[in-house]
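What follows is a short report on a single structure.
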Amino acid sequence: MTEPVFQTEKVLVFYVNGKKVSDDNVDPEMTLLYYLRNKLRLCGTKLGCGEGGCGACTVMVSKYDRRKAKVIHLAVNACLAPVASMHGLAVTTVEGIGSTKTQLHPVQKRIAEAHGSQCGFCTPGIVMSMYALLRSSPRPSMKDMEIAFQGK
Ligand code: FES
């Protein structure tokens with residue numbers, strides 16, 4: 001009689017800007033931000049404080065909520081999130097919503113037209129906070145916006 005074979009899943013699988021990422025060589029201490037910038041070369045997501053205070057690293061993480069039977073979208077500080085925690089989830093970075101090479105997303109366009117940035121370093125994080133808010137709440141209240149931009 002043969003022993004049952006138990007396989008342990010060791011491959012990280014998630015989606016970034018709609019593309020499947022499979023990786024069987026992930027350092028469990030690696031953050032999502034490090035992975036995006038150094039492994040996927042998506043450098044639009046910035047490293048500012050590295051401790052969850054500035055929001056420059058904000059991305060949108062989407063997951064299916066079984067209780068609500070719908071996809072929920074969250075703004076997440078990529079500098080704090082372990083990349084391993086993204087297994088089965090979908091990540092959207094600022095590159096995934098628009099660019100000057102393709103077409104700017106309305107959030108990007110309005111910020112640019114209204115001179116809504118100072119040095120611009122954290123602007124991708126501001127864009128992604130607003131984008132995630134609008135995906136969850138297409139007509140946010142002032143209170144919703146205050147909460148979305150107050151930092152985490
Ligand atoms: S780099 Fe400042 S919150 Fe992540």
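Ordered as shown in the structure tokens, chains take letters A, B, and onward, while each chain numbers its residues from 1 and ligands are numbered from 1 in the order shown.
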- Task: Would you list the residues that come within 12 Å of ligand 1? Count only C-alpha atoms and all ligand atoms and give the answer as a VMD selection string.
- Result: chain A and resid 31 to 34 45 to 59 75 to 81 121 to 126 129 149 to 152
Quick check for you: according to DSSP on this backbone, which residues of chain A are classed as alpha helix (DSSP H)? Reply as a CSV table (one decimal) with C-alpha atoms, in the first residue's frame.
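out.csv was written with the following content:
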chain,number,residue,atom,x,y,z
A,32,LEU,CA,4.6,44.0,-2.1
A,33,LEU,CA,6.4,47.4,-2.8
A,34,TYR,CA,9.8,45.8,-3.2
A,106,PRO,CA,-9.7,60.8,-15.3
A,107,VAL,CA,-8.2,61.0,-11.8
A,108,GLN,CA,-4.7,61.5,-13.3
A,109,LYS,CA,-6.0,64.0,-15.8
A,110,ARG,CA,-7.8,66.1,-13.3
A,111,ILE,CA,-4.9,66.2,-10.9
A,112,ALA,CA,-2.6,67.3,-13.8
A,113,GLU,CA,-5.0,69.9,-15.1
A,123,THR,CA,1.1,61.8,-6.6
A,124,PRO,CA,0.8,58.1,-7.8
A,125,GLY,CA,-0.2,57.2,-4.3
A,126,ILE,CA,-2.8,60.0,-4.2
A,127,VAL,CA,-4.1,58.8,-7.6
A,128,MET,CA,-4.4,55.2,-6.4
A,129,SER,CA,-6.2,56.2,-3.1
A,130,MET,CA,-8.7,58.2,-5.1
A,131,TYR,CA,-9.0,55.4,-7.7
A,132,ALA,CA,-9.7,52.8,-5.1
A,133,LEU,CA,-12.2,55.0,-3.4
A,134,LEU,CA,-14.1,55.6,-6.7
A,135,ARG,CA,-14.1,51.9,-7.5
A,136,SER,CA,-15.8,51.2,-4.1
A,142,MET,CA,-16.7,64.6,1.7
A,143,LYS,CA,-16.3,62.4,4.7
A,144,ASP,CA,-15.5,59.4,2.5
A,145,MET,CA,-12.7,61.5,0.9
A,146,GLU,CA,-11.3,62.7,4.2
A,147,ILE,CA,-11.1,59.1,5.4
A,148,ALA,CA,-9.6,57.9,2.1
A,149,PHE,CA,-6.8,60.5,2.2
I'd like a table as JSON lines: residues in segment 52-135 of chain A with an atom no more than 6 Å from segment 8-22 of chain A, each row giving the shortest atom pair and its distance in Å to one decimal, only C-alpha atoms counted, sorted by chain and rising residue number.
{"residue": "A:His87", "atom": "CA", "partner": "A:Phe14", "partner_atom": "CA", "distance": 5.2}
{"residue": "A:Gly88", "atom": "CA", "partner": "A:Phe14", "partner_atom": "CA", "distance": 4.9}
{"residue": "A:Leu89", "atom": "CA", "partner": "A:Phe14", "partner_atom": "CA", "distance": 5.3}
{"residue": "A:Ala90", "atom": "CA", "partner": "A:Tyr15", "partner_atom": "CA", "distance": 4.5}
{"residue": "A:Val91", "atom": "CA", "partner": "A:Val16", "partner_atom": "CA", "distance": 4.7}
{"residue": "A:Thr92", "atom": "CA", "partner": "A:Asn17", "partner_atom": "CA", "distance": 4.9}
{"residue": "A:Gly96", "atom": "CA", "partner": "A:Asn17", "partner_atom": "CA", "distance": 4.9}
Selected residues written out with N, CA, C and O atoms, as an mmCIF file, in the first residue's frame:
data_model
loop_
_atom_site.group_PDB
_atom_site.id
_atom_site.type_symbol
_atom_site.label_atom_id
_atom_site.label_comp_id
_atom_site.auth_asym_id
_atom_site.auth_seq_id
_atom_site.Cartn_x
_atom_site.Cartn_y
_atom_site.Cartn_z
ATOM 1 N N HIS A 87 -1.486 36.376 -2.343
ATOM 2 C CA HIS A 87 -1.869 35.131 -3.016
ATOM 3 C C HIS A 87 -3.375 35.104 -3.295
ATOM 4 O O HIS A 87 -4.192 35.266 -2.381
ATOM 5 N N GLY A 88 -3.714 34.939 -4.560
ATOM 6 C CA GLY A 88 -5.112 34.857 -4.962
ATOM 7 C C GLY A 88 -5.802 36.196 -5.140
ATOM 8 O O GLY A 88 -6.984 36.237 -5.470
ATOM 9 N N LEU A 89 -5.073 37.284 -4.947
ATOM 10 C CA LEU A 89 -5.684 38.612 -5.042
ATOM 11 C C LEU A 89 -5.254 39.319 -6.323
ATOM 12 O O LEU A 89 -4.387 38.842 -7.059
ATOM 13 N N ALA A 90 -5.847 40.458 -6.579
ATOM 14 C CA ALA A 90 -5.495 41.257 -7.762
ATOM 15 C C ALA A 90 -4.991 42.624 -7.309
ATOM 16 O O ALA A 90 -5.636 43.283 -6.482
ATOM 17 N N VAL A 91 -3.842 43.006 -7.819
ATOM 18 C CA VAL A 91 -3.217 44.285 -7.470
ATOM 19 C C VAL A 91 -3.292 45.201 -8.689
ATOM 20 O O VAL A 91 -3.001 44.766 -9.820
ATOM 21 N N THR A 92 -3.674 46.430 -8.463
ATOM 22 C CA THR A 92 -3.641 47.432 -9.535
ATOM 23 C C THR A 92 -2.683 48.534 -9.110
ATOM 24 O O THR A 92 -2.825 49.102 -8.022
ATOM 25 N N GLY A 96 -1.379 50.580 -14.132
ATOM 26 C CA GLY A 96 -2.509 49.796 -14.615
ATOM 27 C C GLY A 96 -3.750 50.598 -14.917
ATOM 28 O O GLY A 96 -4.710 50.053 -15.472
#
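With only C-alpha atoms as the atoms that count, the residue of A:Pro28, A:Glu95, A:Lys68, A:Met86 with the shortest distance to Leu42 of chain A is A:Glu95.
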- Query: What does the distance from atom CA of Val61 of chain A to atom CA of Val94 of chain A come to in Å, to one decimal?
  - Reply: 12.0 Å
- Task: Give the strand (DSSP E) residues of chain A, as DSSP finds them on the backbone, and put them as a list in words.
- Result: Leu12, Val13, Phe14, Tyr15, Val16, Lys19, Lys20, Val21, Ser22, Asp23, Thr58, Val59, Met60, Val61, Ser62, Lys63, Tyr64, Asp65, Lys70, Val71, Ile72, His73, Leu74, Ala75, Val76, Asn77, Ala90, Val91 and Thr92 of chain A
Would you export the selected residues with N, CA and C atoms as a PDB file, in the first residue's frame, please?
ATOM      1  N   LEU A  12       3.497  31.360  -5.322  1.00  0.00           N
ATOM      2  CA  LEU A  12       2.679  32.550  -5.122  1.00  0.00           C
ATOM      3  C   LEU A  12       2.019  32.891  -6.449  1.00  0.00           C
ATOM      4  N   VAL A  13       0.701  32.995  -6.433  1.00  0.00           N
ATOM      5  CA  VAL A  13      -0.037  33.345  -7.648  1.00  0.00           C
ATOM      6  C   VAL A  13      -0.935  34.529  -7.337  1.00  0.00           C
ATOM      7  N   PHE A  14      -0.755  35.580  -8.081  1.00  0.00           N
ATOM      8  CA  PHE A  14      -1.651  36.720  -7.956  1.00  0.00           C
ATOM      9  C   PHE A  14      -1.659  37.476  -9.279  1.00  0.00           C
ATOM     10  N   TYR A  15      -2.439  38.518  -9.341  1.00  0.00           N
ATOM     11  CA  TYR A  15      -2.563  39.282 -10.589  1.00  0.00           C
ATOM     12  C   TYR A  15      -2.088  40.713 -10.367  1.00  0.00           C
ATOM     13  N   VAL A  16      -1.362  41.225 -11.339  1.00  0.00           N
ATOM     14  CA  VAL A  16      -0.927  42.617 -11.280  1.00  0.00           C
ATOM     15  C   VAL A  16      -1.336  43.288 -12.583  1.00  0.00           C
ATOM     16  N   LYS A  19      -2.511  40.939 -15.253  1.00  0.00           N
ATOM     17  CA  LYS A  19      -1.645  39.855 -15.725  1.00  0.00           C
ATOM     18  C   LYS A  19      -1.325  38.909 -14.569  1.00  0.00           C
ATOM     19  N   LYS A  20      -1.379  37.618 -14.858  1.00  0.00           N
ATOM     20  CA  LYS A  20      -1.093  36.613 -13.847  1.00  0.00           C
ATOM     21  C   LYS A  20       0.400  36.583 -13.532  1.00  0.00           C
ATOM     22  N   VAL A  21       0.717  36.558 -12.239  1.00  0.00           N
ATOM     23  CA  VAL A  21       2.103  36.433 -11.778  1.00  0.00           C
ATOM     24  C   VAL A  21       2.191  35.133 -10.992  1.00  0.00           C
ATOM     25  N   SER A  22       3.092  34.240 -11.395  1.00  0.00           N
ATOM     26  CA  SER A  22       3.359  32.998 -10.656  1.00  0.00           C
ATOM     27  C   SER A  22       4.823  33.015 -10.276  1.00  0.00           C
ATOM     28  N   ASP A  23       5.108  32.805  -9.000  1.00  0.00           N
ATOM     29  CA  ASP A  23       6.495  32.878  -8.547  1.00  0.00           C
ATOM     30  C   ASP A  23       6.728  31.820  -7.466  1.00  0.00           C
ATOM     31  N   THR A  58       0.830  53.610  -2.308  1.00  0.00           N
ATOM     32  CA  THR A  58      -0.532  53.059  -2.340  1.00  0.00           C
ATOM     33  C   THR A  58      -0.848  52.363  -3.661  1.00  0.00           C
ATOM     34  N   VAL A  59      -1.391  51.166  -3.545  1.00  0.00           N
ATOM     35  CA  VAL A  59      -1.919  50.419  -4.686  1.00  0.00           C
ATOM     36  C   VAL A  59      -3.333  49.990  -4.327  1.00  0.00           C
ATOM     37  N   MET A  60      -4.063  49.491  -5.313  1.00  0.00           N
ATOM     38  CA  MET A  60      -5.389  48.950  -5.032  1.00  0.00           C
ATOM     39  C   MET A  60      -5.312  47.428  -5.036  1.00  0.00           C
ATOM     40  N   VAL A  61      -5.853  46.822  -3.988  1.00  0.00           N
ATOM     41  CA  VAL A  61      -5.932  45.364  -3.914  1.00  0.00           C
ATOM     42  C   VAL A  61      -7.410  44.986  -3.987  1.00  0.00           C
ATOM     43  N   SER A  62      -7.704  44.046  -4.876  1.00  0.00           N
ATOM     44  CA  SER A  62      -9.094  43.619  -5.074  1.00  0.00           C
ATOM     45  C   SER A  62      -9.235  42.150  -4.703  1.00  0.00           C
ATOM     46  N   LYS A  63     -10.318  41.854  -4.028  1.00  0.00           N
ATOM     47  CA  LYS A  63     -10.567  40.453  -3.670  1.00  0.00           C
ATOM     48  C   LYS A  63     -12.059  40.188  -3.642  1.00  0.00           C
ATOM     49  N   TYR A  64     -12.388  38.924  -3.805  1.00  0.00           N
ATOM     50  CA  TYR A  64     -13.787  38.522  -3.799  1.00  0.00           C
ATOM     51  C   TYR A  64     -14.230  38.287  -2.366  1.00  0.00           C
ATOM     52  N   ASP A  65     -15.273  38.987  -1.960  1.00  0.00           N
ATOM     53  CA  ASP A  65     -15.839  38.823  -0.627  1.00  0.00           C
ATOM     54  C   ASP A  65     -17.017  37.860  -0.748  1.00  0.00           C
ATOM     55  N   LYS A  70     -19.373  39.833  -3.793  1.00  0.00           N
ATOM     56  CA  LYS A  70     -18.911  40.845  -4.743  1.00  0.00           C
ATOM     57  C   LYS A  70     -17.427  41.114  -4.533  1.00  0.00           C
ATOM     58  N   VAL A  71     -16.835  41.729  -5.536  1.00  0.00           N
ATOM     59  CA  VAL A  71     -15.421  42.092  -5.446  1.00  0.00           C
ATOM     60  C   VAL A  71     -15.311  43.389  -4.660  1.00  0.00           C
ATOM     61  N   ILE A  72     -14.386  43.406  -3.707  1.00  0.00           N
ATOM     62  CA  ILE A  72     -14.162  44.645  -2.962  1.00  0.00           C
ATOM     63  C   ILE A  72     -12.762  45.171  -3.302  1.00  0.00           C
ATOM     64  N   HIS A  73     -12.635  46.470  -3.268  1.00  0.00           N
ATOM     65  CA  HIS A  73     -11.382  47.138  -3.638  1.00  0.00           C
ATOM     66  C   HIS A  73     -10.881  47.932  -2.438  1.00  0.00           C
ATOM     67  N   LEU A  74      -9.612  47.751  -2.139  1.00  0.00           N
ATOM     68  CA  LEU A  74      -9.023  48.413  -0.978  1.00  0.00           C
ATOM     69  C   LEU A  74      -7.749  49.143  -1.381  1.00  0.00           C
ATOM     70  N   ALA A  75      -7.551  50.343  -0.847  1.00  0.00           N
ATOM     71  CA  ALA A  75      -6.267  51.027  -1.000  1.00  0.00           C
ATOM     72  C   ALA A  75      -5.331  50.449   0.059  1.00  0.00           C
ATOM     73  N   VAL A  76      -4.164  50.012  -0.383  1.00  0.00           N
ATOM     74  CA  VAL A  76      -3.228  49.317   0.508  1.00  0.00           C
ATOM     75  C   VAL A  76      -1.851  49.963   0.404  1.00  0.00           C
ATOM     76  N   ASN A  77      -1.198  50.115   1.558  1.00  0.00           N
ATOM     77  CA  ASN A  77       0.190  50.590   1.566  1.00  0.00           C
ATOM     78  C   ASN A  77       1.100  49.419   1.203  1.00  0.00           C
ATOM     79  N   ALA A  90      -5.847  40.458  -6.579  1.00  0.00           N
ATOM     80  CA  ALA A  90      -5.495  41.257  -7.762  1.00  0.00           C
ATOM     81  C   ALA A  90      -4.991  42.624  -7.309  1.00  0.00           C
ATOM     82  N   VAL A  91      -3.842  43.006  -7.819  1.00  0.00           N
ATOM     83  CA  VAL A  91      -3.217  44.285  -7.470  1.00  0.00           C
ATOM     84  C   VAL A  91      -3.292  45.201  -8.689  1.00  0.00           C
ATOM     85  N   THR A  92      -3.674  46.430  -8.463  1.00  0.00           N
ATOM     86  CA  THR A  92      -3.641  47.432  -9.535  1.00  0.00           C
ATOM     87  C   THR A  92      -2.683  48.534  -9.110  1.00  0.00           C
TER      88      THR A  92
END
